[in-house]
Amino acid sequence: MVESEVNLAKTYDAIVIGSGAAGGMAAHVLTSHGLQVLLLEAGKKLPIEKELRSMEWPYDNPYRGQLPPDSHSLSFNEYTIRNPPYGPGFEKAKHLKSYIGSSDYLKNIVVNERENPFTGTNYAWVRARCLGGKTNIWGRLALRLSDYDFKAKDRDGFGENWPISYSDIAPYYDKVDLYLGITGVKENLPYLPDSIFQRPTKLNCAEVTLKDSLAKMGRVVTQYRAGVTTDGLKHNKYRSRCYGRGACERKGGCDIHAAFDSPTGLIYPAMDTGNLALRTNAVVREITIDPQTGKASGVHFIDNQTLKDYAVHAKVVIVAASTLESARLLLLSKSRQHPNGLANSSGHVGHNFCEHIMGPGVAGRAKNLVGKPSTLDDGRPGGFYLTRFRNLAEKHPKFIRGYGFEGGSGSTMFPRGTDAHGFGAAFKEEVRKNQGAFVGMGAFGEVLARYENYVDLDPVVKDKWGIPALRFHYKFGDNEHRMAEDMKETAQEMFEAAGFEIVNVSSRVLTEGWSIHEMGTARMGSDPKTSVLNQFQQSHDVKNLFVVDGSAFVNASCQNPTWTIMSLCWRSCDYLADELKKGNL
Ligand SMILES: Cc1cc2nc3c(=O)[nH]c(=O)nc-3n(C[C@H](O)[C@H](O)[C@H](O)COP(=O)(O)OP(=O)(O)OC[C@H]3O[C@@H](n4cnc5c(N)ncnc54)[C@H](O)[C@@H]3O)c2cc1C
Ligand code: SF4
């Protein structure tokens, strides 16, 4: 892949800011419409296969897969007791990483918190500043939303409905499924629509036991719906089909790109059209405005390495820097016409921020599997997904909206979840005997999108590039805490019903941000007074400005967001290309 020089004299058709799921999709769709696109990415293009080393055994790694001694990854307690940007107590760690950056394989992918500080309320903010962003390491659970989400206000009166219905986005979910590949099994659930699935993975023994038991309660366990191609993609030479090697078990990406990542799935094919110019190490600091027309005219970016400042121009600007960074960029882009930040006449930029609450879950043991021979259970891109069951047909008395569980069972490279203690041969024997019998799951629940949960710019703290840092004003509310209590109770109840011996039940709520599913800082809507974007993620205020990542979400649902981010983005970019051709932008 040859990176192109930015032509500073040229007016591109479109500038896309950010190269993750959203930016990659924008680049793919717009270049396929024949537009000349400049893609700006703040981080480097990493030699990703060398970083991930998916086939490396732990004993071949000098740190057994852990971080080098000069680095530190923040723990749950450290998030809880210290406020960012992390003062005394961390001096020895030259490189300070979020909780997800605890492995040697991710050390160059996840940002150094020292260079990228943020302030305000506690938040576990995971960022990947490199070509492809977080898609290099995402968990790949690829779920659709439904009208239970898009029209949630009609069901319980809270918040706002989306300005779209499932039928508007369904054809784009189909396009994403077919272009990128997804594995799973059809279940015909109205609240979790099926995708166009490739070959599914198999549930193992304990997972089938759980599925059968829950079916009696009217609850559904299905195979992990992963954004992974199991049959291969004839139209994409950069990706292989899944060999089921088991490296998915390790935190990190897939070095044969069976799992979707934005560079191989979207950006390299877009470059092959000849319509895409890519500039990495380009930290966009402001979207510029034409003072005559009030429209976006381009961006200013700082070279990540040299700190030199550049200006580039385009007919349309597309913000895809991820939910929180996109809000930051809009707020940074103040001008005479837009004194509160760009696209912010409603005052809603940064607000209605939402995500998923995590923590409660259960670990158990399928006693009939203790002492059985090991099986290859991590040779698949995921275990199971237990779908939402609250507030569907009936109303829960204590909280609104819902949650689902991600889980798995069986033997893995590192035995997990055993409650064995001790040392020596007897201890090893105990671990061996039990490890394949382990089964566990953890919940992901909808955090309500509330105006009072928001981010703004810190007046003092700046990042390494001199750009004001983001400040959080964000806390889980009563609905989330009541939901978390229910998660714990139902998790235990379901494992007991399946006949598993309970090893551990967790009621601990993890720090805000832990889910890495950020949404809603520039929500879409029909009313420009209460929303930032229209249904095509186009700014109500500036018609040649689009924000195509999770910022546009009106609520968080409890389903993981990435497949929806890409489907919405595809729909918006089709509209954008059409409007541009008609001369409406
Ligand atoms: C460990 C992990 C597990 C996950 N598991 C799942 C899962 O199972 N299912 C799911 O749906 N989602 C999952 N996610 C979330 C998923 O990765 C994100 O939803 C998705 O990547 C969002 O895409 P994005 O394009 O908005 O942001 P990103 O992928 O973060 O990309 C944004 C890009 O913009 C760049 N950028 C930021 N600021 C600027 C700037 N000022 N100038 C230029 N470029 C900029 C960044 O460097 C980055 O490359 C997971 C994430 C992680 C980290
Ligand atoms: S199991 Fe499949 S998707 Fe996961 S790392 Fe291996 S090849 Fe990639």
# chains A, B, ... in the order shown; residues from 1 in each chain; ligands from 1
>>> residues_near_ligand(ligand="ligand 2", cutoff="6 Å", atoms="only C-alpha atoms and all ligand atoms", output="list in words")
Val228, Cys242, Tyr243, Gly244, Arg245, Gly246, Ala247, Cys248, Cys254, Ala258, Ala259, Gly379, Arg380 and Pro381 of chain A
>>> write_last_selection(atoms="all heavy atoms", output="tab-separated table (two decimals), in the first residue's frame")
chain	number	residue	atom	x	y	z
A	228	VAL	N	-16.73	-11.61	11.23
A	228	VAL	CA	-15.60	-12.45	10.79
A	228	VAL	C	-16.07	-13.20	9.55
A	228	VAL	O	-17.19	-13.68	9.52
A	228	VAL	CB	-15.24	-13.47	11.90
A	228	VAL	CG1	-14.36	-14.58	11.39
A	228	VAL	CG2	-14.58	-12.77	13.09
A	242	CYS	N	-11.61	-17.45	8.14
A	242	CYS	CA	-11.19	-17.83	9.50
A	242	CYS	C	-10.70	-19.27	9.52
A	242	CYS	O	-11.39	-20.17	9.07
A	242	CYS	CB	-12.37	-17.66	10.44
A	242	CYS	SG	-12.07	-18.26	12.10
A	243	TYR	N	-9.50	-19.48	10.01
A	243	TYR	CA	-8.97	-20.83	10.18
A	243	TYR	C	-9.33	-21.41	11.54
A	243	TYR	O	-8.95	-22.51	11.86
A	243	TYR	CB	-7.44	-20.84	10.12
A	243	TYR	CG	-6.81	-20.43	8.84
A	243	TYR	CD1	-5.46	-20.12	8.81
A	243	TYR	CD2	-7.53	-20.36	7.65
A	243	TYR	CE1	-4.85	-19.74	7.64
A	243	TYR	CE2	-6.93	-19.98	6.48
A	243	TYR	CZ	-5.59	-19.67	6.47
A	243	TYR	OH	-4.98	-19.30	5.31
A	244	GLY	N	-9.94	-20.57	12.39
A	244	GLY	CA	-10.29	-21.07	13.72
A	244	GLY	C	-9.07	-21.46	14.52
A	244	GLY	O	-9.01	-22.52	15.11
A	245	ARG	N	-8.08	-20.54	14.54
A	245	ARG	CA	-6.83	-20.89	15.19
A	245	ARG	C	-6.84	-20.69	16.68
A	245	ARG	O	-5.95	-21.14	17.39
A	245	ARG	CB	-5.69	-20.04	14.62
A	245	ARG	CG	-5.51	-20.20	13.15
A	245	ARG	CD	-4.62	-19.10	12.61
A	245	ARG	NE	-5.16	-17.80	12.95
A	245	ARG	CZ	-4.50	-16.67	12.82
A	245	ARG	NH1	-3.27	-16.68	12.39
A	245	ARG	NH2	-5.07	-15.52	13.12
A	246	GLY	N	-7.85	-19.93	17.15
A	246	GLY	CA	-7.92	-19.75	18.60
A	246	GLY	C	-7.25	-18.50	19.09
A	246	GLY	O	-7.32	-18.17	20.28
A	247	ALA	N	-6.60	-17.77	18.20
A	247	ALA	CA	-5.91	-16.57	18.66
A	247	ALA	C	-6.90	-15.47	19.03
A	247	ALA	O	-6.53	-14.50	19.67
A	247	ALA	CB	-4.96	-16.07	17.58
A	248	CYS	N	-8.15	-15.65	18.66
A	248	CYS	CA	-9.17	-14.68	19.06
A	248	CYS	C	-9.27	-14.60	20.57
A	248	CYS	O	-9.73	-13.60	21.12
A	248	CYS	CB	-10.53	-15.08	18.54
A	248	CYS	SG	-10.84	-14.47	16.90
A	254	CYS	N	-6.69	-10.03	14.49
A	254	CYS	CA	-6.54	-11.26	13.71
A	254	CYS	C	-5.56	-10.95	12.59
A	254	CYS	O	-5.85	-10.14	11.72
A	254	CYS	CB	-7.90	-11.62	13.15
A	254	CYS	SG	-7.88	-12.96	11.96
A	258	ALA	N	-9.28	-12.35	8.95
A	258	ALA	CA	-10.60	-13.00	8.85
A	258	ALA	C	-11.59	-12.15	9.63
A	258	ALA	O	-12.73	-11.96	9.21
A	258	ALA	CB	-10.53	-14.41	9.43
A	259	ALA	N	-11.15	-11.66	10.78
A	259	ALA	CA	-11.96	-10.69	11.53
A	259	ALA	C	-11.88	-9.36	10.80
A	259	ALA	O	-10.80	-8.96	10.34
A	259	ALA	CB	-11.41	-10.56	12.94
A	379	GLY	N	-10.78	-22.11	19.38
A	379	GLY	CA	-10.55	-22.08	17.94
A	379	GLY	C	-11.78	-21.58	17.20
A	379	GLY	O	-12.27	-22.19	16.26
A	380	ARG	N	-12.31	-20.47	17.64
A	380	ARG	CA	-13.49	-19.87	17.00
A	380	ARG	C	-13.54	-18.41	17.45
A	380	ARG	O	-13.00	-18.05	18.51
A	380	ARG	CB	-14.78	-20.60	17.39
A	380	ARG	CG	-14.93	-20.69	18.89
A	380	ARG	CD	-16.10	-21.53	19.37
A	380	ARG	NE	-16.05	-21.45	20.84
A	380	ARG	CZ	-17.05	-21.67	21.64
A	380	ARG	NH1	-18.21	-22.02	21.16
A	380	ARG	NH2	-16.91	-21.55	22.94
A	381	PRO	N	-14.19	-17.56	16.67
A	381	PRO	CA	-14.13	-16.13	17.00
A	381	PRO	C	-14.99	-15.69	18.17
A	381	PRO	O	-15.05	-14.51	18.46
A	381	PRO	CB	-14.62	-15.47	15.71
A	381	PRO	CG	-14.82	-16.53	14.72
A	381	PRO	CD	-14.83	-17.84	15.41
>>> residues_around(residues="A:Ser75", least_positions_apart="4", cutoff="10 Å", atoms="only C-alpha atoms", output="short mmCIF file (atom, residue, chain, number, x, y, z; two decimals) with N, CA, C and O atoms, in the first residue's frame")
data_model
loop_
_atom_site.label_atom_id
_atom_site.label_comp_id
_atom_site.auth_asym_id
_atom_site.auth_seq_id
_atom_site.Cartn_x
_atom_site.Cartn_y
_atom_site.Cartn_z
N TYR A 79 -8.55 3.32 38.12
CA TYR A 79 -9.54 4.22 37.52
C TYR A 79 -10.42 4.83 38.61
O TYR A 79 -10.85 5.97 38.52
N THR A 80 -10.69 4.03 39.63
CA THR A 80 -11.65 4.45 40.63
C THR A 80 -11.07 5.47 41.59
O THR A 80 -11.74 6.41 42.00
N LYS A 97 -1.16 3.07 29.79
CA LYS A 97 -2.18 2.56 28.87
C LYS A 97 -3.51 2.39 29.58
O LYS A 97 -3.55 2.16 30.78
N SER A 98 -4.58 2.42 28.80
CA SER A 98 -5.89 2.11 29.36
C SER A 98 -5.91 0.63 29.77
O SER A 98 -4.99 -0.13 29.44
N TYR A 99 -6.97 0.20 30.42
CA TYR A 99 -7.03 -1.18 30.93
C TYR A 99 -6.88 -2.20 29.81
O TYR A 99 -6.37 -3.29 30.01
N ILE A 100 -7.28 -1.83 28.59
CA ILE A 100 -7.26 -2.80 27.50
C ILE A 100 -5.84 -2.98 26.95
O ILE A 100 -5.53 -3.97 26.31
N SER A 102 -3.13 -3.98 28.15
CA SER A 102 -2.30 -4.70 29.12
C SER A 102 -1.45 -5.79 28.46
O SER A 102 -0.83 -6.57 29.15
N ALA A 124 -13.00 5.11 31.73
CA ALA A 124 -11.97 4.24 31.15
C ALA A 124 -12.04 4.43 29.63
O ALA A 124 -12.75 3.72 28.93
#
>>> select_by_dssp(residues="stretch 324-476 of chain A", states="strand (DSSP E or B)", output="PyMOL selection string")
chain A and resi 354+356-365+384-386+403-409+438-446+454-462+468-473
>>> residues_around(residues="stretch 192-198 of chain A", least_positions_apart="3", cutoff="8 Å", atoms="only C-alpha atoms", output="list in words")
Leu143, Arg144, Leu145, Ser146, Tyr173, Asp174, Asp177, Leu178, Gly181, Ile182, Thr183, Gly184, Val185, Lys186, Glu187, Asn188, Leu189, Thr229, Thr230, Asp231 and Thr387 of chain A
>>> write_last_selection(atoms="N, CA, C and O atoms", output="PDB file, in the first residue's frame")
ATOM      1  N   LEU A 143     -23.935  -7.009  15.874  1.00  0.00           N
ATOM      2  CA  LEU A 143     -25.376  -7.158  16.075  1.00  0.00           C
ATOM      3  C   LEU A 143     -26.137  -6.034  15.395  1.00  0.00           C
ATOM      4  O   LEU A 143     -25.639  -4.914  15.287  1.00  0.00           O
ATOM      5  N   ARG A 144     -27.360  -6.351  14.978  1.00  0.00           N
ATOM      6  CA  ARG A 144     -28.231  -5.314  14.423  1.00  0.00           C
ATOM      7  C   ARG A 144     -29.077  -4.704  15.536  1.00  0.00           C
ATOM      8  O   ARG A 144     -29.357  -5.365  16.543  1.00  0.00           O
ATOM      9  N   LEU A 145     -29.524  -3.480  15.332  1.00  0.00           N
ATOM     10  CA  LEU A 145     -30.541  -2.876  16.183  1.00  0.00           C
ATOM     11  C   LEU A 145     -31.900  -3.141  15.534  1.00  0.00           C
ATOM     12  O   LEU A 145     -31.965  -3.570  14.378  1.00  0.00           O
ATOM     13  N   SER A 146     -32.975  -2.865  16.262  1.00  0.00           N
ATOM     14  CA  SER A 146     -34.319  -3.094  15.719  1.00  0.00           C
ATOM     15  C   SER A 146     -35.195  -1.908  16.087  1.00  0.00           C
ATOM     16  O   SER A 146     -34.745  -0.973  16.760  1.00  0.00           O
ATOM     17  N   TYR A 173     -27.663  -2.797   6.344  1.00  0.00           N
ATOM     18  CA  TYR A 173     -27.115  -3.912   7.128  1.00  0.00           C
ATOM     19  C   TYR A 173     -26.773  -5.058   6.167  1.00  0.00           C
ATOM     20  O   TYR A 173     -25.720  -5.696   6.295  1.00  0.00           O
ATOM     21  N   ASP A 174     -27.683  -5.328   5.227  1.00  0.00           N
ATOM     22  CA  ASP A 174     -27.440  -6.422   4.262  1.00  0.00           C
ATOM     23  C   ASP A 174     -26.160  -6.169   3.468  1.00  0.00           C
ATOM     24  O   ASP A 174     -25.346  -7.064   3.261  1.00  0.00           O
ATOM     25  N   ASP A 177     -23.160  -6.805   5.682  1.00  0.00           N
ATOM     26  CA  ASP A 177     -22.980  -8.257   5.867  1.00  0.00           C
ATOM     27  C   ASP A 177     -22.260  -8.868   4.665  1.00  0.00           C
ATOM     28  O   ASP A 177     -21.318  -9.639   4.812  1.00  0.00           O
ATOM     29  N   LEU A 178     -22.754  -8.525   3.471  1.00  0.00           N
ATOM     30  CA  LEU A 178     -22.227  -9.171   2.262  1.00  0.00           C
ATOM     31  C   LEU A 178     -20.831  -8.667   1.918  1.00  0.00           C
ATOM     32  O   LEU A 178     -19.990  -9.413   1.438  1.00  0.00           O
ATOM     33  N   GLY A 181     -18.683  -9.718   5.624  1.00  0.00           N
ATOM     34  CA  GLY A 181     -18.760 -11.082   6.155  1.00  0.00           C
ATOM     35  C   GLY A 181     -19.111 -11.113   7.629  1.00  0.00           C
ATOM     36  O   GLY A 181     -18.561 -10.357   8.435  1.00  0.00           O
ATOM     37  N   ILE A 182     -20.051 -11.988   7.978  1.00  0.00           N
ATOM     38  CA  ILE A 182     -20.480 -12.122   9.376  1.00  0.00           C
ATOM     39  C   ILE A 182     -20.907 -13.565   9.601  1.00  0.00           C
ATOM     40  O   ILE A 182     -21.515 -14.187   8.727  1.00  0.00           O
ATOM     41  N   THR A 183     -20.558 -14.106  10.760  1.00  0.00           N
ATOM     42  CA  THR A 183     -20.958 -15.467  11.084  1.00  0.00           C
ATOM     43  C   THR A 183     -22.032 -15.453  12.166  1.00  0.00           C
ATOM     44  O   THR A 183     -22.012 -14.598  13.041  1.00  0.00           O
ATOM     45  N   GLY A 184     -22.958 -16.398  12.084  1.00  0.00           N
ATOM     46  CA  GLY A 184     -24.023 -16.468  13.081  1.00  0.00           C
ATOM     47  C   GLY A 184     -25.113 -17.412  12.620  1.00  0.00           C
ATOM     48  O   GLY A 184     -24.995 -18.060  11.575  1.00  0.00           O
ATOM     49  N   VAL A 185     -26.177 -17.473  13.419  1.00  0.00           N
ATOM     50  CA  VAL A 185     -27.298 -18.382  13.149  1.00  0.00           C
ATOM     51  C   VAL A 185     -28.591 -17.582  13.197  1.00  0.00           C
ATOM     52  O   VAL A 185     -28.767 -16.755  14.084  1.00  0.00           O
ATOM     53  N   LYS A 186     -29.484 -17.847  12.265  1.00  0.00           N
ATOM     54  CA  LYS A 186     -30.772 -17.129  12.246  1.00  0.00           C
ATOM     55  C   LYS A 186     -31.631 -17.564  13.426  1.00  0.00           C
ATOM     56  O   LYS A 186     -31.720 -18.754  13.732  1.00  0.00           O
ATOM     57  N   GLU A 187     -32.263 -16.592  14.066  1.00  0.00           N
ATOM     58  CA  GLU A 187     -33.131 -16.894  15.213  1.00  0.00           C
ATOM     59  C   GLU A 187     -34.541 -16.315  15.047  1.00  0.00           C
ATOM     60  O   GLU A 187     -35.399 -16.560  15.886  1.00  0.00           O
ATOM     61  N   ASN A 188     -34.734 -15.454  14.041  1.00  0.00           N
ATOM     62  CA  ASN A 188     -36.053 -14.826  13.807  1.00  0.00           C
ATOM     63  C   ASN A 188     -36.580 -14.060  15.014  1.00  0.00           C
ATOM     64  O   ASN A 188     -37.743 -14.212  15.394  1.00  0.00           O
ATOM     65  N   LEU A 189     -35.748 -13.281  15.634  1.00  0.00           N
ATOM     66  CA  LEU A 189     -36.172 -12.505  16.808  1.00  0.00           C
ATOM     67  C   LEU A 189     -36.514 -11.083  16.367  1.00  0.00           C
ATOM     68  O   LEU A 189     -35.693 -10.439  15.708  1.00  0.00           O
ATOM     69  N   THR A 229     -15.216 -13.304   8.538  1.00  0.00           N
ATOM     70  CA  THR A 229     -15.617 -14.105   7.380  1.00  0.00           C
ATOM     71  C   THR A 229     -15.174 -15.554   7.586  1.00  0.00           C
ATOM     72  O   THR A 229     -13.983 -15.851   7.672  1.00  0.00           O
ATOM     73  N   THR A 230     -16.155 -16.442   7.682  1.00  0.00           N
ATOM     74  CA  THR A 230     -15.842 -17.866   7.872  1.00  0.00           C
ATOM     75  C   THR A 230     -15.803 -18.599   6.526  1.00  0.00           C
ATOM     76  O   THR A 230     -15.212 -19.663   6.421  1.00  0.00           O
ATOM     77  N   ASP A 231     -16.454 -18.017   5.505  1.00  0.00           N
ATOM     78  CA  ASP A 231     -16.442 -18.650   4.173  1.00  0.00           C
ATOM     79  C   ASP A 231     -15.457 -17.967   3.223  1.00  0.00           C
ATOM     80  O   ASP A 231     -15.238 -18.444   2.117  1.00  0.00           O
ATOM     81  N   THR A 387     -29.430 -13.234  24.331  1.00  0.00           N
ATOM     82  CA  THR A 387     -30.082 -12.017  23.851  1.00  0.00           C
ATOM     83  C   THR A 387     -30.921 -11.359  24.944  1.00  0.00           C
ATOM     84  O   THR A 387     -31.293 -11.986  25.939  1.00  0.00           O
TER      85      THR A 387
END
>>> atom_distance(atom1="atom CA of A:Gly24", atom2="atom 53 (C, counted along the ligand's line) of ligand 1")
16.1 Å
>>> closest_atom_pairs(of="chain A", to="ligand 1", cutoff="7 Å", atoms="only C-alpha atoms and all ligand atoms", output="CSV")
residue,atom,partner,partner_atom_place_in_ligand_line,distance
A:Ile17,CA,ligand 1,43 (C),5.1
A:Gly18,CA,ligand 1,34 (O),3.3
A:Ser19,CA,ligand 1,33 (C),4.8
A:Gly20,CA,ligand 1,31 (O),3.3
A:Ala21,CA,ligand 1,25 (O),3.8
A:Ala22,CA,ligand 1,25 (O),3.8
A:Gly23,CA,ligand 1,25 (O),5.4
A:Leu40,CA,ligand 1,43 (C),5.4
A:Glu41,CA,ligand 1,44 (N),3.9
A:Ala42,CA,ligand 1,44 (N),3.8
A:Gly43,CA,ligand 1,47 (O),5.1
A:Ile100,CA,ligand 1,1 (C),6.3
A:Val126,CA,ligand 1,53 (C),6.1
A:Arg127,CA,ligand 1,30 (O),6.1
A:Ala128,CA,ligand 1,47 (O),5.8
A:Arg129,CA,ligand 1,47 (O),3.3
A:Cys130,CA,ligand 1,49 (O),4.9
A:Leu131,CA,ligand 1,49 (O),5.3
A:Gly132,CA,ligand 1,49 (O),5.1
A:Gly133,CA,ligand 1,49 (O),3.2
A:Lys134,CA,ligand 1,29 (O),3.8
A:Thr135,CA,ligand 1,21 (O),4.5
A:Ile137,CA,ligand 1,1 (C),5.3
A:Trp138,CA,ligand 1,4 (C),3.6
A:Gly139,CA,ligand 1,5 (N),3.4
A:Arg140,CA,ligand 1,8 (O),4.0
A:Leu141,CA,ligand 1,8 (O),3.7
A:Ala142,CA,ligand 1,11 (O),5.3
A:Leu143,CA,ligand 1,11 (O),7.0
A:Lys251,CA,ligand 1,1 (C),6.9
A:Ala282,CA,ligand 1,43 (C),5.7
A:Val283,CA,ligand 1,42 (N),3.9
A:Val284,CA,ligand 1,42 (N),3.8
A:Arg285,CA,ligand 1,41 (N),5.7
A:Ala320,CA,ligand 1,25 (O),5.6
A:Ala321,CA,ligand 1,34 (O),3.5
A:Ser322,CA,ligand 1,26 (O),3.4
A:Thr323,CA,ligand 1,26 (O),5.8
A:Glu325,CA,ligand 1,38 (N),5.1
A:Ser326,CA,ligand 1,38 (N),6.8
A:Leu329,CA,ligand 1,41 (N),6.4
A:Ile516,CA,ligand 1,51 (C),5.2
A:His517,CA,ligand 1,15 (C),5.2
A:Glu518,CA,ligand 1,19 (O),7.0
A:Asp549,CA,ligand 1,26 (O),4.5
A:Gly550,CA,ligand 1,26 (O),5.7
A:Asn560,CA,ligand 1,11 (O),4.0
A:Pro561,CA,ligand 1,11 (O),4.2
A:Thr562,CA,ligand 1,11 (O),3.7
A:Trp563,CA,ligand 1,11 (O),6.0
>>> closest_residue(among="A:Pro163, A:Pro69, A:Pro117, A:Gly359", to="A:Thr511", atoms="only C-alpha atoms")
A:Gly359
>>> residues_around(residues="A:His356", least_positions_apart="5", cutoff="6 Å", atoms="only C-alpha atoms", output="VMD selection string")
chain A and resid 444 to 447 515
>>> residues_around(residues="stretch 374-378 of chain A", least_positions_apart="5", cutoff="12 Å", atoms="only C-alpha atoms", output="PyMOL selection string")
chain A and resi 201-207+243-250+369+383-384+408-416+431-439
>>> write_last_selection(atoms="C-alpha atoms", output="mmCIF file, in the first residue's frame")
data_model
loop_
_atom_site.group_PDB
_atom_site.id
_atom_site.type_symbol
_atom_site.label_atom_id
_atom_site.label_comp_id
_atom_site.auth_asym_id
_atom_site.auth_seq_id
_atom_site.Cartn_x
_atom_site.Cartn_y
_atom_site.Cartn_z
ATOM 1 C CA THR A 201 -19.346 -21.520 14.656
ATOM 2 C CA LYS A 202 -20.438 -24.331 16.963
ATOM 3 C CA LEU A 203 -21.662 -24.064 20.521
ATOM 4 C CA ASN A 204 -19.867 -26.466 22.835
ATOM 5 C CA CYS A 205 -21.284 -28.823 25.418
ATOM 6 C CA ALA A 206 -21.914 -26.454 28.348
ATOM 7 C CA GLU A 207 -23.176 -23.744 25.991
ATOM 8 C CA TYR A 243 -8.972 -20.834 10.180
ATOM 9 C CA GLY A 244 -10.289 -21.068 13.721
ATOM 10 C CA ARG A 245 -6.825 -20.890 15.189
ATOM 11 C CA GLY A 246 -7.920 -19.750 18.602
ATOM 12 C CA ALA A 247 -5.911 -16.569 18.656
ATOM 13 C CA CYS A 248 -9.170 -14.675 19.064
ATOM 14 C CA GLU A 249 -9.028 -15.721 22.669
ATOM 15 C CA ARG A 250 -6.123 -13.370 23.207
ATOM 16 C CA LEU A 369 -17.347 -31.981 32.098
ATOM 17 C CA GLY A 383 -18.637 -18.256 22.304
ATOM 18 C CA PHE A 384 -22.287 -17.311 22.733
ATOM 19 C CA GLY A 408 -18.292 -18.792 26.564
ATOM 20 C CA SER A 409 -17.166 -22.116 27.887
ATOM 21 C CA GLY A 410 -14.565 -24.796 27.440
ATOM 22 C CA SER A 411 -10.810 -25.277 27.187
ATOM 23 C CA THR A 412 -8.582 -22.348 26.304
ATOM 24 C CA MET A 413 -4.835 -21.787 25.911
ATOM 25 C CA PHE A 414 -4.718 -20.413 29.441
ATOM 26 C CA PRO A 415 -7.036 -22.278 31.805
ATOM 27 C CA ARG A 416 -9.552 -19.802 33.108
ATOM 28 C CA VAL A 431 -6.507 -26.919 36.980
ATOM 29 C CA ARG A 432 -6.312 -29.450 34.122
ATOM 30 C CA LYS A 433 -9.307 -31.382 35.404
ATOM 31 C CA ASN A 434 -11.525 -28.335 35.692
ATOM 32 C CA GLN A 435 -10.542 -25.985 32.939
ATOM 33 C CA GLY A 436 -12.771 -27.352 30.160
ATOM 34 C CA ALA A 437 -15.762 -27.366 32.493
ATOM 35 C CA PHE A 438 -15.695 -23.635 33.064
ATOM 36 C CA VAL A 439 -18.545 -21.485 31.734
#
